[in-house]
file input-v4.cif (mmCIF, C-alpha atoms)
data_entry
loop_
_atom_site.group_PDB
_atom_site.id
_atom_site.type_symbol
_atom_site.label_atom_id
_atom_site.label_comp_id
_atom_site.auth_asym_id
_atom_site.auth_seq_id
_atom_site.Cartn_x
_atom_site.Cartn_y
_atom_site.Cartn_z
ATOM 1 C CA MET N 140 -16.746 -5.513 9.524
ATOM 2 C CA GLY N 141 -17.661 -4.080 6.122
ATOM 3 C CA ALA N 142 -15.214 -3.416 3.338
ATOM 4 C CA ARG N 143 -13.489 -0.031 3.222
ATOM 5 C CA VAL N 144 -13.703 -0.033 -0.579
ATOM 6 C CA LYS N 145 -15.895 -1.814 -3.124
ATOM 7 C CA TYR N 146 -14.192 -4.860 -4.539
ATOM 8 C CA ARG N 147 -14.521 -7.992 -6.638
ATOM 9 C CA SER N 148 -12.680 -11.286 -6.393
ATOM 10 C CA SER N 149 -10.248 -10.071 -9.066
ATOM 11 C CA ASP N 150 -9.389 -7.067 -6.857
ATOM 12 C CA VAL N 151 -8.518 -9.395 -3.970
ATOM 13 C CA ASP N 152 -6.216 -11.326 -6.282
ATOM 14 C CA LEU N 153 -4.601 -8.144 -7.630
ATOM 15 C CA LEU N 154 -4.023 -6.728 -4.140
ATOM 16 C CA ALA N 155 -2.659 -10.075 -2.937
ATOM 17 C CA ARG N 156 -0.128 -10.145 -5.790
ATOM 18 C CA LEU N 157 0.978 -6.604 -5.003
ATOM 19 C CA MET N 158 1.322 -7.276 -1.279
ATOM 20 C CA ARG N 159 3.413 -10.375 -2.048
ATOM 21 C CA GLY N 160 5.577 -8.547 -4.563
ATOM 22 C CA GLU N 161 6.211 -5.556 -2.330
ATOM 23 C CA ALA N 162 6.629 -7.170 1.091
ATOM 24 C CA GLN N 163 6.586 -10.963 1.292
ATOM 25 C CA ALA N 164 10.086 -10.932 2.813
ATOM 26 C CA GLU N 165 8.660 -8.916 5.715
ATOM 27 C CA GLY N 166 6.085 -11.482 6.764
ATOM 28 C CA GLU N 167 2.347 -11.192 7.181
ATOM 29 C CA LYS N 168 2.409 -7.841 8.970
ATOM 30 C CA GLY N 169 4.689 -6.440 6.286
ATOM 31 C CA MET N 170 2.236 -7.501 3.600
ATOM 32 C CA LEU N 171 -0.714 -6.163 5.623
ATOM 33 C CA THR N 172 0.945 -2.757 6.033
ATOM 34 C CA VAL N 173 1.478 -2.490 2.280
ATOM 35 C CA GLY N 174 -2.131 -3.515 1.673
ATOM 36 C CA ALA N 175 -3.371 -0.866 4.103
ATOM 37 C CA VAL N 176 -1.567 1.857 2.142
ATOM 38 C CA VAL N 177 -3.224 0.683 -1.080
ATOM 39 C CA ILE N 178 -6.670 0.769 0.528
ATOM 40 C CA ASN N 179 -5.965 4.156 2.135
ATOM 41 C CA ARG N 180 -5.167 5.558 -1.306
ATOM 42 C CA ALA N 181 -8.372 4.101 -2.751
ATOM 43 C CA VAL N 182 -10.635 5.693 -0.132
ATOM 44 C CA VAL N 183 -9.224 9.234 0.097
ATOM 45 C CA ARG N 184 -9.639 12.084 -2.362
ATOM 46 C CA CYS N 185 -6.618 14.128 -1.372
ATOM 47 C CA SER N 186 -2.912 14.519 -2.049
ATOM 48 C CA ASP N 187 -1.837 12.641 -5.184
ATOM 49 C CA PHE N 188 -4.814 10.272 -4.996
ATOM 50 C CA LYS N 189 -7.752 12.487 -5.970
ATOM 51 C CA ASN N 190 -8.384 10.509 -9.164
ATOM 52 C CA VAL N 191 -7.878 6.934 -8.019
ATOM 53 C CA ASN N 192 -11.117 5.308 -6.918
ATOM 54 C CA ASN N 193 -10.516 1.591 -6.565
ATOM 55 C CA ILE N 194 -7.838 -1.039 -6.001
ATOM 56 C CA ASN N 195 -7.022 -1.412 -9.696
ATOM 57 C CA ASP N 196 -6.610 2.368 -10.126
ATOM 58 C CA VAL N 197 -4.267 2.557 -7.136
ATOM 59 C CA ILE N 198 -2.065 -0.363 -8.158
ATOM 60 C CA TYR N 199 -1.688 0.757 -11.776
ATOM 61 C CA HIS N 200 -1.345 4.467 -10.918
ATOM 62 C CA TYR N 201 1.588 6.187 -12.606
ATOM 63 C CA MET N 202 3.009 9.534 -11.523
ATOM 64 C CA ASN N 203 5.345 11.498 -13.765
ATOM 65 C CA GLY N 204 5.646 8.405 -15.973
ATOM 66 C CA ASP N 205 6.746 6.124 -13.117
ATOM 67 C CA ALA N 206 4.827 3.178 -11.684
ATOM 68 C CA MET N 207 3.870 3.824 -8.074
ATOM 69 C CA PHE N 208 4.727 0.216 -7.159
ATOM 70 C CA ASP N 209 7.892 -1.496 -8.387
ATOM 71 C CA ALA N 210 6.292 -4.930 -8.000
ATOM 72 C CA ILE N 211 4.026 -4.470 -11.042
ATOM 73 C CA LEU N 212 7.132 -4.292 -13.236
ATOM 74 C CA GLU N 213 8.390 -7.712 -12.108
ATOM 75 C CA PRO N 214 7.429 -11.032 -13.765
ATOM 76 C CA ASP N 215 6.631 -12.623 -10.362
ATOM 77 C CA PHE N 216 3.799 -10.118 -9.902
ATOM 78 C CA TYR N 217 1.825 -12.029 -12.516
ATOM 79 C CA LEU N 218 2.125 -15.444 -10.826
ATOM 80 C CA LYS N 219 -0.950 -17.057 -9.272
ATOM 81 C CA THR N 220 -1.719 -16.087 -5.680
ATOM 82 C CA ARG N 221 -1.769 -18.451 -2.730
ATOM 83 C CA GLU N 222 -4.675 -18.709 -0.271
ATOM 84 C CA ARG N 223 -2.633 -17.057 2.507
ATOM 85 C CA GLU N 224 -1.981 -14.002 0.299
ATOM 86 C CA ARG N 225 -5.662 -13.732 -0.646
ATOM 87 C CA ARG N 226 -6.647 -13.954 3.032
ATOM 88 C CA LEU N 227 -4.289 -11.098 3.904
ATOM 89 C CA ALA N 228 -5.587 -8.986 1.011
ATOM 90 C CA GLU N 229 -9.190 -9.509 2.129
ATOM 91 C CA GLN N 230 -8.177 -8.598 5.666
ATOM 92 C CA THR N 231 -6.916 -5.185 4.519
ATOM 93 C CA ILE N 232 -9.944 -4.576 2.299
ATOM 94 C CA LYS N 233 -12.209 -5.331 5.249
ATOM 95 C CA GLY N 234 -10.513 -2.840 7.535
ATOM 96 C CA TRP N 235 -7.108 -3.957 8.827
ATOM 97 C CA ARG N 236 -5.241 -0.740 9.644
ATOM 98 C CA GLU N 237 -2.510 -0.669 12.234
ATOM 99 C CA TRP N 238 0.623 1.307 12.917
ATOM 100 C CA PRO N 239 2.731 2.264 11.016
ATOM 101 C CA SER N 240 0.432 2.213 7.973
ATOM 102 C CA LYS N 241 -2.871 3.072 9.652
ATOM 103 C CA TYR N 242 -3.033 6.557 8.103
ATOM 104 C CA SER N 243 -0.172 6.253 5.626
ATOM 105 C CA LEU N 244 -0.427 7.087 1.946
ATOM 106 C CA TRP N 245 3.226 6.377 1.125
ATOM 107 C CA TYR N 246 5.859 3.797 1.954
ATOM 108 C CA PHE N 247 9.169 2.760 0.505
ATOM 109 C CA ASN N 248 12.102 0.489 1.187
ATOM 110 C CA PRO N 249 15.341 2.510 1.330
ATOM 111 C CA TRP N 250 17.565 -0.530 1.763
ATOM 112 C CA GLY N 251 18.376 -1.094 -1.898
ATOM 113 C CA PRO N 252 21.713 -0.551 -3.649
ATOM 114 C CA THR N 253 22.045 2.930 -2.107
ATOM 115 C CA SER N 254 21.022 1.997 1.441
ATOM 116 C CA GLN N 255 19.936 4.848 3.637
ATOM 117 C CA ALA N 256 17.886 5.473 6.769
ATOM 118 C CA CYS N 257 14.257 6.534 6.426
ATOM 119 C CA PRO N 258 14.119 10.235 5.620
ATOM 120 C CA ALA N 259 11.992 12.391 7.922
ATOM 121 C CA MET N 260 9.767 13.397 4.982
ATOM 122 C CA TRP N 261 8.661 11.603 1.780
ATOM 123 C CA TYR N 262 6.497 13.280 -0.857
ATOM 124 C CA GLY N 263 5.965 16.055 1.657
ATOM 125 C CA GLN N 264 4.591 13.734 4.330
ATOM 126 C CA PRO N 265 6.179 13.043 7.724
ATOM 127 C CA LEU N 266 7.544 9.657 8.739
ATOM 128 C CA ALA N 267 4.908 7.695 10.672
ATOM 129 C CA GLY N 268 7.157 4.752 11.502
ATOM 130 C CA THR N 269 8.850 1.690 10.086
ATOM 131 C CA TRP N 270 8.145 -1.996 9.737
ATOM 132 C CA LYS N 271 11.287 -3.994 9.078
ATOM 133 C CA ASN N 272 12.752 -2.450 5.877
ATOM 134 C CA HIS N 273 9.789 -0.234 4.939
ATOM 135 C CA CYS N 274 9.309 3.407 5.934
ATOM 136 C CA PHE N 275 5.700 4.671 6.165
ATOM 137 C CA TYR N 276 4.536 8.261 5.684
ATOM 138 C CA GLN N 277 1.197 9.804 6.575
ATOM 139 C CA PRO N 278 -0.223 13.159 5.577
ATOM 140 C CA THR N 279 -0.891 15.926 8.031
ATOM 141 C CA SER N 280 -4.508 16.555 8.974
ATOM 142 C CA THR N 281 -4.456 19.802 6.984
ATOM 143 C CA GLU N 282 -3.323 17.983 3.835
ATOM 144 C CA CYS N 283 -5.719 15.058 4.139
ATOM 145 C CA ALA N 284 -8.128 15.208 7.086
ATOM 146 C CA GLU N 285 -10.289 12.409 5.655
ATOM 147 C CA ILE N 286 -7.608 9.761 6.245
ATOM 148 C CA TYR N 287 -8.129 10.253 9.988
ATOM 149 C CA ARG N 288 -11.880 9.485 9.891
#
call {"tool": "encode", "arguments": {"input": "input-v4.cif", "output": "structure tokens"}}
result
Amino acid sequence: MGARVKYRSSDVDLLARLMRGEAQAEGEKGMLTVGAVVINRAVVRCSDFKNVNNINDVIYHYMNGDAMFDAILEPDFYLKTRERERRLAEQTIKGWREWPSKYSLWYFNPWGPTSQACPAMWYGQPLAGTWKNHCFYQPTSTECAEIYR
């Protein structure tokens, strides 16, 4: 299976660090679902992701002055990756997309200090499903038809 997005070895490492930082407590599938959202954002030209074109752009994308991923603000994000994390990152780059992140452009973990259930909508997108503590949101086909191709 070919890659969904152009990439270099450094992109695999960057994605692996993000997946670890965002979801390592949720196991391999948790990390894969996060990786799928990153790749989805890199391949579409809709919603808030019209001007992000690669893995680096997606991971370091800021909106309204806020980092899109909390993990990049943590010191652990900059630690060396392990082979398992790189393997999972390559898996998402090369096409892994399964529920609940298959078509998702957003996710978040609502179980922080102000724990709450997953809201029905996030950034105007309906809830697609959950994986452990993460809620995933996918656009409607009218907002972003290309995600469904």
call {"tool": "closest_residue", "arguments": {"input": "input-v4.cif", "among": "N:Arg143, N:Lys241, N:Arg180, N:Lys271", "to": "N:Gly166", "atoms": "all atoms listed in the file"}}
result
N:Lys271
call {"tool": "resolve_selection", "arguments": {"input": "input-v4.cif", "expression": "the PyMOL selection byres ((chain N and resi 263) around 10)", "output": "PyMOL selection string"}}
result
chain N and resi 186+259-262+264-266+276-279+282
call {"tool": "closest_residue", "arguments": {"input": "input-v4.cif", "among": "N:Cys257, N:Leu171, N:Leu157, N:Leu244", "to": "N:Leu212", "atoms": "only C-alpha atoms"}}
result
N:Leu157
call {"tool": "residues_around", "arguments": {"input": "input-v4.cif", "residues": "N:Tyr199", "least_positions_apart": "5", "cutoff": "10 Å", "atoms": "all atoms listed in the file", "output": "PyMOL selection string"}}
result
chain N and resi 191+194+206-208+211
call {"tool": "atom_distance", "arguments": {"input": "input-v4.cif", "atom1": "atom CA of N:Tyr242", "atom2": "atom CA of N:Asn179"}}
result
7.1 Å
call {"tool": "atom_distance", "arguments": {"input": "input-v4.cif", "atom1": "atom CA of N:Phe188", "atom2": "atom CA of N:Asp215"}}
result
26.2 Å
